[in-house]
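Chemist: I have a structure I would like to understand better, so I am pasting it below and will then ask my questions one at a time.
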Amino acid sequence: MEDPAATTSKKAAKKAEAKAKKEAQKAERAAQLAAAAAKATLEDDPAADRYGDRPSTTGLFSDDAEEVEIPSLDESHIDKTVIVRAWLQNSRVQSAKMGFFELRKSGNWSVQGIVMASEQEPIVSRRMVKWVVGINPESFVAVEAKVKRPLEPIKACRVQGLELHITKCYVLASAPSMLGMTLAVANQPIVNFSDEKAPVSDVQPDKATVPAASMLTHLDNIAMHKRSPVQQAIADIRIEVKKLFRSYLEDRGFKEFEPPCLIGAASEGGGNVFRLPYFGEEAFLAQSPQFYKQFEIAGGRERVFSIGPVFRAENSNTARHMTEFTGLDIEMEIKQSYTEVRDVLEGVLLHIFRGIQDRCADAIATVKAVYPSEPFLLPEPGKEVRLTFAEAQKLLREEGPSEFANVRDDEDMSTPQEKALGEVVRSKFNTDFYVIDKFPETARPFYAKIDDTAATVGDGVRVTNAFDFFARNQEILSGGQRINDPVELEARIRAKGVDPESAGIKEYLAVFRSVGVPAHGGGGIGLDRVVAWYLGLPSVHLAAYYPRTPKRLSP
Ligand code: ATP
């Protein structure tokens with residue numbers, strides 16, 4: 001006999017199946033009706049082929065329409081038909097017949113677009129107006145438009161004296177309806193640089209203005225971070241700094257070379273190198289191109305420079321450190337004095353600072369609008385500030401905060417000391433860029449050349465022909481003369497407690513024994529810091545494309 005419970009559950013299952021079938025049929029019918037309705041609306045829309053989602057624009061635009069980039073739009077385009085491809089932002093509906101939006105490209109180049117219903121050719125339907133203003137912000141669109149002069153300048157856009165009267169609008173790549181970070185937020189100053197996951201929301205809900213986000217949110221929304229005009233401007237300035245560095249040096253006979261990033265020994269010593277497995281052995285990431293620059297000099301290249309990544313395995317979670325940064329390095333033969341090296345480095349940095357001031361005025365203004373800062377003060381030509389380390393310490397003792405009243409001439413400066421000194425130098429010499437020379441041997445690596453002619457400092461400590469350069473109170477460069485005599489070099493290696501037979505050091509020393517190496521010197525500049533401190537940014541992380549910190553390896 002059949003189990004009554006089983007009979008009931010079979011009946012229930014059948015009932016459920018029938019219900020599901022009915023619901024599926026209902027849904028299918030609804031979908032068919034919706035599709036038919038959509039088709040009908042498009043079919044009876046005389047502007048149907050003038051707008052919509054399209055994978056490409058082949059055959060869509062008028063033959064006489066000219067492709068134009070927003071920065072190139074000018075008076076000569078008035079009354080002409082143009083095609084513009086850009087990101088869409090800030091749409092608003094004026095009425096059922098009219099809508100406005102902005103098109104943006106190339107950093108902060110924006111232009112106003114107007115879509116207005118028209119029964120005359122070219123026909124723009126109300127449905128088209130509604131569709132266009134409904135496009136999700138940050139979608140990539142291509143429009144065909146007539147260029148017109150607006151009734152009054154469009155203050156919200158960079159192109160103020162022209163506007164686009166849209167007759168065709170296609171979405172080539174659609175953004176989602178909810179962005180991870182809007183452009184307005186992305187272009188606000190970053191409120192928190194901590195790399196740790198923020199425990200609470202980083203937005204400031206009680207502020208009337210656009211909320212700001214943390215660096216973490218920015219990096220999690222990397223495309224929007226990069227689209228922000230401020231980041232675009234920083235990236236453009238960074239490119240210009242590299243160009244200026246390269247051109248100044250090439251004009252003075254320097255030749256570019258590429259040092260390796262992968263090295264077989266933690267050559268400069270210290271625990272700050274990244275180790276990685278290498279075919280059953282161990283390799284390291286170079287923490288500077290120092291030895292390789294010197295090998296180029298030993299190899300007869302006379303004057304060299306390199307631009308490339310430098311890796312530091314330092315757990316420094318500060319606004320001035322990254323675990324990977326870009327080094328701008330030079331090395332050159334010395335004819336008479338190490339000051340030749342100091343002068344080239346000072347020259348290249350002044351050339352960079354003056355060059356970006358001239359070439360990047362718009363980009364600098366874009367950055368300052370988000371991160372306001374005092375103008376970067378440069379010394380008058382011929383009035384460059386070069387202090388010896390002992391003079392700098394004296395200045396700090398005499399004119400700095402009382403906590404630094406006892407700083408010594410034979411001990412390296414701490415970061416707070418550097419900052420305080422920068423304030424004193426700015427008020428006394430009216431510059432944010434200066435050189436501190438003749439560092440004590442205690443504060444320099446073994447390859448730094450000791451100045452045998454100078455008096456000792458502190459407790460009989462000798463000084464070196466080595467210097468640091470500063471921008472807005474912070475170090476941006478370390479350089480100086482290197483030891484080129486192998487006997488002297490070995491003695492200094494030993495004096496610093498390093499084994500001259502250790503891996504990397506042995507091979508380094510061997511180069512100086514293998515040939516006669518001329519007197520030489522050079523320096524290493526941190527590109528990220530040059531950009532960040534010139535612009536007065538709150539963190540060097542903002543100047544890097546993809547900052548690498550102890551807590552962050554992505555994106
Ligand atoms: P700091 O004392 O500030 O940590 P450093 O003395 O280790 O710097 P150097 O080894 O002399 O610096 O490197 C040369 C230049 O490289 C510095 O003047 C700076 O501009 C840049 N630099 C050094 N370390 C970093 C870092 N971790 N992140 C970004 N830039 C750096």
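Chains: A, B, ... in order of the structure tokens. Residues: from 1 per chain. Ligands: from 1, in order shown.
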List every residue of chain A that has an atom at most 7 Å from any atom of ligand 1, and for each one report the closest atom pair and its distance in Å to one decimal, counting only C-alpha atoms and all ligand atoms, with rows sorted by chain and then by increasing residue number, as CSV.
Modeler:
residue,atom,partner,partner_atom_place_in_ligand_line,distance
A:Arg312,CA,ligand 1,27 (N),5.9
A:Arg320,CA,ligand 1,28 (N),5.7
A:His321,CA,ligand 1,28 (N),3.5
A:Met322,CA,ligand 1,28 (N),4.0
A:Thr323,CA,ligand 1,27 (N),5.5
A:Glu324,CA,ligand 1,28 (N),6.6
A:Phe325,CA,ligand 1,29 (C),5.2
A:Gly327,CA,ligand 1,16 (O),6.1
A:Glu475,CA,ligand 1,18 (O),5.0
A:Ile476,CA,ligand 1,20 (O),3.5
A:Leu477,CA,ligand 1,18 (O),3.5
A:Ser478,CA,ligand 1,11 (O),4.4
A:Gly524,CA,ligand 1,14 (C),4.7
A:Ile525,CA,ligand 1,15 (C),4.6
A:Gly526,CA,ligand 1,20 (O),3.3
A:Leu527,CA,ligand 1,20 (O),6.7
A:Asp528,CA,ligand 1,30 (N),6.3
A:Arg529,CA,ligand 1,20 (O),5.4
A:Val540,CA,ligand 1,29 (C),7.0
Chemist: Could you list, as a VMD selection string, every residue within 10 Å of Thr431 (chain A), counting only C-alpha atoms and ignoring same-chain residues fewer than 4 positions away?
Modeler: chain A and resid 376 to 380 383 to 385 422 to 423 425 to 427 471 to 472
Chemist: Between CA of Arg354 (chain A) and CA of Ile237 (chain A), what is the distance in Å, rounded to a tenth?
Modeler: 12.3 Å
Chemist: Using only C-alpha atoms, which residues sit within 10 Å of Ile222 (chain A) once same-chain residues fewer than 5 positions away are excluded, as a VMD selection string?
Modeler: chain A and resid 180 to 181 186 216 to 217 227 545 to 546 554 to 555
Chemist: Restricting the calculation to only C-alpha atoms: of A:Leu396, A:Val143, A:Ala466, A:Ala86, which residue gets closest to Asp451 (chain A)?
Modeler: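 Closest candidate: A:Ala466.
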Chemist: Just the residues within 10 Å of Arg54 (chain A), please, counting only C-alpha atoms, with nothing from its chain fewer than 4 positions along; format it as a PyMOL selection string.
Modeler: chain A and resi 58+60+141-142+169-174
Chemist: Give me every strand (DSSP E) residue in region 37-259 of chain A, going by DSSP on the backbone, as a count of residues only.
Modeler: 58
Chemist: Quick one: pick out all helix (DSSP H, G or I) residues within region 263-485 of chain A from a backbone DSSP run and write them as a ChimeraX atom specification.
Modeler: /A:290-298,339-359,361-370,389-399,402-404,415-429,441-443
Chemist: From the set A:Gly308, A:Met332, A:Phe140, A:Asp362, which residue has the shortest atom-to-atom contact distance to Trp109 (chain A), counting only C-alpha atoms?
Modeler: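 That would be A:Asp362, the residue with the smallest distance to Trp109 (chain A).
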Chemist: With a distance cut-off of 9 Å and only C-alpha atoms, select the neighbouring residues of Ile450 (chain A), excluding the residue or stretch itself and same-chain residues fewer than 6 positions from it, and output the selection as a list in words.
Modeler: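 Final neighbour list, sorted by chain and number: Lys438, Pro440, Glu441, Arg462, Val463, Thr464, Asn465, Ala466, Gln481, Arg482 and Ile483 of chain A.
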Chemist: Which is closer to Tyr447 (chain A) than all the others in A:Phe101, A:Phe291, A:Phe61, A:Phe305, using only C-alpha atoms?
Modeler: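 Selected residue with least distance to Tyr447 (chain A): A:Phe291.
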Chemist: Give me, as a Markdown table, each residue of region 188-283 of chain A that comes within 12 Å of region 298-301 of chain A, together with its shortest interatomic pair and the distance in Å at one decimal, counting only C-alpha atoms, with rows ordered by chain and rising residue number.
Modeler:
| residue | atom | partner | partner_atom | distance |
| --- | --- | --- | --- | --- |
| A:Gly253 | CA | A:Arg301 | CA | 10.2 |
| A:Phe254 | CA | A:Arg301 | CA | 8.7 |
| A:Lys255 | CA | A:Arg301 | CA | 7.5 |
| A:Glu256 | CA | A:Arg301 | CA | 9.7 |
| A:Phe257 | CA | A:Arg301 | CA | 9.7 |
Chemist: Env of Arg359 (chain A): 12 Å cut, atoms = only C-alpha atoms, seq-sep filter 5 positions within chain, self excluded. Answer as a list in words.
Modeler: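 After dropping sequence-adjacent residues, the list is Asp236, Ile237, Arg238, Ile239, Glu240, Val241, Lys243, Leu244, His351, Ile352, Phe353, Arg354, Ile364 and Ala365 of chain A.
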Chemist: Could you write out that same residue set with all heavy atoms as a tab-separated table (two decimals), in the first residue's frame?
Modeler:
chain	number	residue	atom	x	y	z
A	236	ASP	N	51.48	64.26	-14.97
A	236	ASP	CA	52.06	65.06	-16.06
A	236	ASP	C	53.31	65.81	-15.58
A	236	ASP	O	54.29	65.93	-16.32
A	236	ASP	CB	51.02	66.05	-16.62
A	236	ASP	CG	49.93	65.33	-17.40
A	236	ASP	OD1	50.12	64.15	-17.74
A	236	ASP	OD2	48.87	65.94	-17.65
A	237	ILE	N	53.26	66.31	-14.36
A	237	ILE	CA	54.43	67.03	-13.81
A	237	ILE	C	55.59	66.04	-13.63
A	237	ILE	O	56.74	66.34	-13.94
A	237	ILE	CB	54.05	67.71	-12.47
A	237	ILE	CG1	53.04	68.83	-12.74
A	237	ILE	CG2	55.29	68.25	-11.74
A	237	ILE	CD1	52.32	69.35	-11.51
A	238	ARG	N	55.26	64.85	-13.15
A	238	ARG	CA	56.29	63.81	-12.96
A	238	ARG	C	57.03	63.52	-14.29
A	238	ARG	O	58.24	63.41	-14.34
A	238	ARG	CB	55.60	62.55	-12.41
A	238	ARG	CG	56.54	61.45	-12.03
A	238	ARG	CD	55.75	60.21	-11.59
A	238	ARG	NE	56.65	59.09	-11.55
A	238	ARG	CZ	57.17	58.56	-10.44
A	238	ARG	NH1	56.85	59.04	-9.27
A	238	ARG	NH2	58.01	57.57	-10.50
A	239	ILE	N	56.25	63.40	-15.36
A	239	ILE	CA	56.85	63.14	-16.68
A	239	ILE	C	57.80	64.28	-17.06
A	239	ILE	O	58.90	64.06	-17.55
A	239	ILE	CB	55.73	62.99	-17.75
A	239	ILE	CG1	54.99	61.68	-17.54
A	239	ILE	CG2	56.30	63.08	-19.17
A	239	ILE	CD1	53.73	61.53	-18.35
A	240	GLU	N	57.35	65.50	-16.78
A	240	GLU	CA	58.17	66.68	-17.13
A	240	GLU	C	59.47	66.69	-16.32
A	240	GLU	O	60.53	67.02	-16.84
A	240	GLU	CB	57.33	67.93	-16.85
A	240	GLU	CG	57.38	69.02	-17.88
A	240	GLU	CD	57.33	68.59	-19.33
A	240	GLU	OE1	56.30	68.08	-19.81
A	240	GLU	OE2	58.36	68.78	-20.00
A	241	VAL	N	59.41	66.29	-15.05
A	241	VAL	CA	60.61	66.25	-14.21
A	241	VAL	C	61.63	65.29	-14.83
A	241	VAL	O	62.82	65.60	-14.94
A	241	VAL	CB	60.27	65.82	-12.75
A	241	VAL	CG1	61.54	65.54	-11.95
A	241	VAL	CG2	59.44	66.89	-12.06
A	243	LYS	N	61.85	64.37	-17.96
A	243	LYS	CA	62.34	64.93	-19.22
A	243	LYS	C	63.42	65.98	-18.95
A	243	LYS	O	64.45	66.02	-19.62
A	243	LYS	CB	61.19	65.62	-19.97
A	243	LYS	CG	60.38	64.73	-20.84
A	243	LYS	CD	59.53	65.61	-21.76
A	243	LYS	CE	58.29	64.91	-22.19
A	243	LYS	NZ	57.27	65.81	-22.67
A	244	LEU	N	63.15	66.86	-17.96
A	244	LEU	CA	64.10	67.93	-17.64
A	244	LEU	C	65.41	67.35	-17.12
A	244	LEU	O	66.49	67.85	-17.44
A	244	LEU	CB	63.47	68.89	-16.62
A	244	LEU	CG	62.34	69.78	-17.17
A	244	LEU	CD1	61.44	70.27	-16.06
A	244	LEU	CD2	62.93	70.98	-17.92
A	351	HIS	N	67.24	73.41	-12.63
A	351	HIS	CA	66.68	73.33	-13.98
A	351	HIS	C	65.29	72.66	-13.93
A	351	HIS	O	64.35	73.09	-14.60
A	351	HIS	CB	67.64	72.52	-14.85
A	351	HIS	CG	67.20	72.31	-16.25
A	351	HIS	ND1	67.16	73.31	-17.18
A	351	HIS	CD2	66.77	71.18	-16.90
A	351	HIS	CE1	66.73	72.82	-18.33
A	351	HIS	NE2	66.49	71.53	-18.18
A	352	ILE	N	65.19	71.61	-13.13
A	352	ILE	CA	63.91	70.91	-12.99
A	352	ILE	C	62.86	71.84	-12.34
A	352	ILE	O	61.75	72.01	-12.85
A	352	ILE	CB	64.08	69.61	-12.16
A	352	ILE	CG1	64.86	68.57	-12.97
A	352	ILE	CG2	62.74	69.07	-11.69
A	352	ILE	CD1	65.30	67.34	-12.18
A	353	PHE	N	63.23	72.45	-11.22
A	353	PHE	CA	62.26	73.29	-10.50
A	353	PHE	C	61.81	74.48	-11.36
A	353	PHE	O	60.62	74.79	-11.44
A	353	PHE	CB	62.84	73.79	-9.18
A	353	PHE	CG	63.04	72.68	-8.16
A	353	PHE	CD1	64.20	72.61	-7.40
A	353	PHE	CD2	62.08	71.71	-7.96
A	353	PHE	CE1	64.40	71.59	-6.46
A	353	PHE	CE2	62.25	70.69	-7.03
A	353	PHE	CZ	63.42	70.63	-6.29
A	354	ARG	N	62.79	75.13	-12.01
A	354	ARG	CA	62.41	76.29	-12.85
A	354	ARG	C	61.65	75.81	-14.07
A	354	ARG	O	60.69	76.46	-14.52
A	354	ARG	CB	63.66	77.07	-13.27
A	354	ARG	CG	64.38	77.68	-12.06
A	354	ARG	CD	65.27	78.86	-12.42
A	354	ARG	NE	65.78	79.46	-11.20
A	354	ARG	CZ	67.04	79.35	-10.76
A	354	ARG	NH1	67.94	78.68	-11.47
A	354	ARG	NH2	67.41	79.91	-9.62
A	364	ILE	N	50.22	72.67	-12.19
A	364	ILE	CA	50.54	73.06	-10.80
A	364	ILE	C	49.31	73.73	-10.18
A	364	ILE	O	48.95	73.44	-9.03
A	364	ILE	CB	51.78	73.99	-10.78
A	364	ILE	CG1	53.03	73.20	-11.19
A	364	ILE	CG2	51.97	74.62	-9.40
A	364	ILE	CD1	54.27	74.05	-11.45
A	365	ALA	N	48.63	74.58	-10.96
A	365	ALA	CA	47.42	75.24	-10.44
A	365	ALA	C	46.35	74.21	-10.11
A	365	ALA	O	45.64	74.33	-9.09
A	365	ALA	CB	46.91	76.25	-11.46
Chemist: Mind checking which residues fall within 9 Å of Asn317 (chain A), counting only C-alpha atoms, ignoring those fewer than 2 positions away in the same chain, and posting them as an MDAnalysis selection string?
Modeler: chainID A and resid 194:195 314:315 319:322 549:551
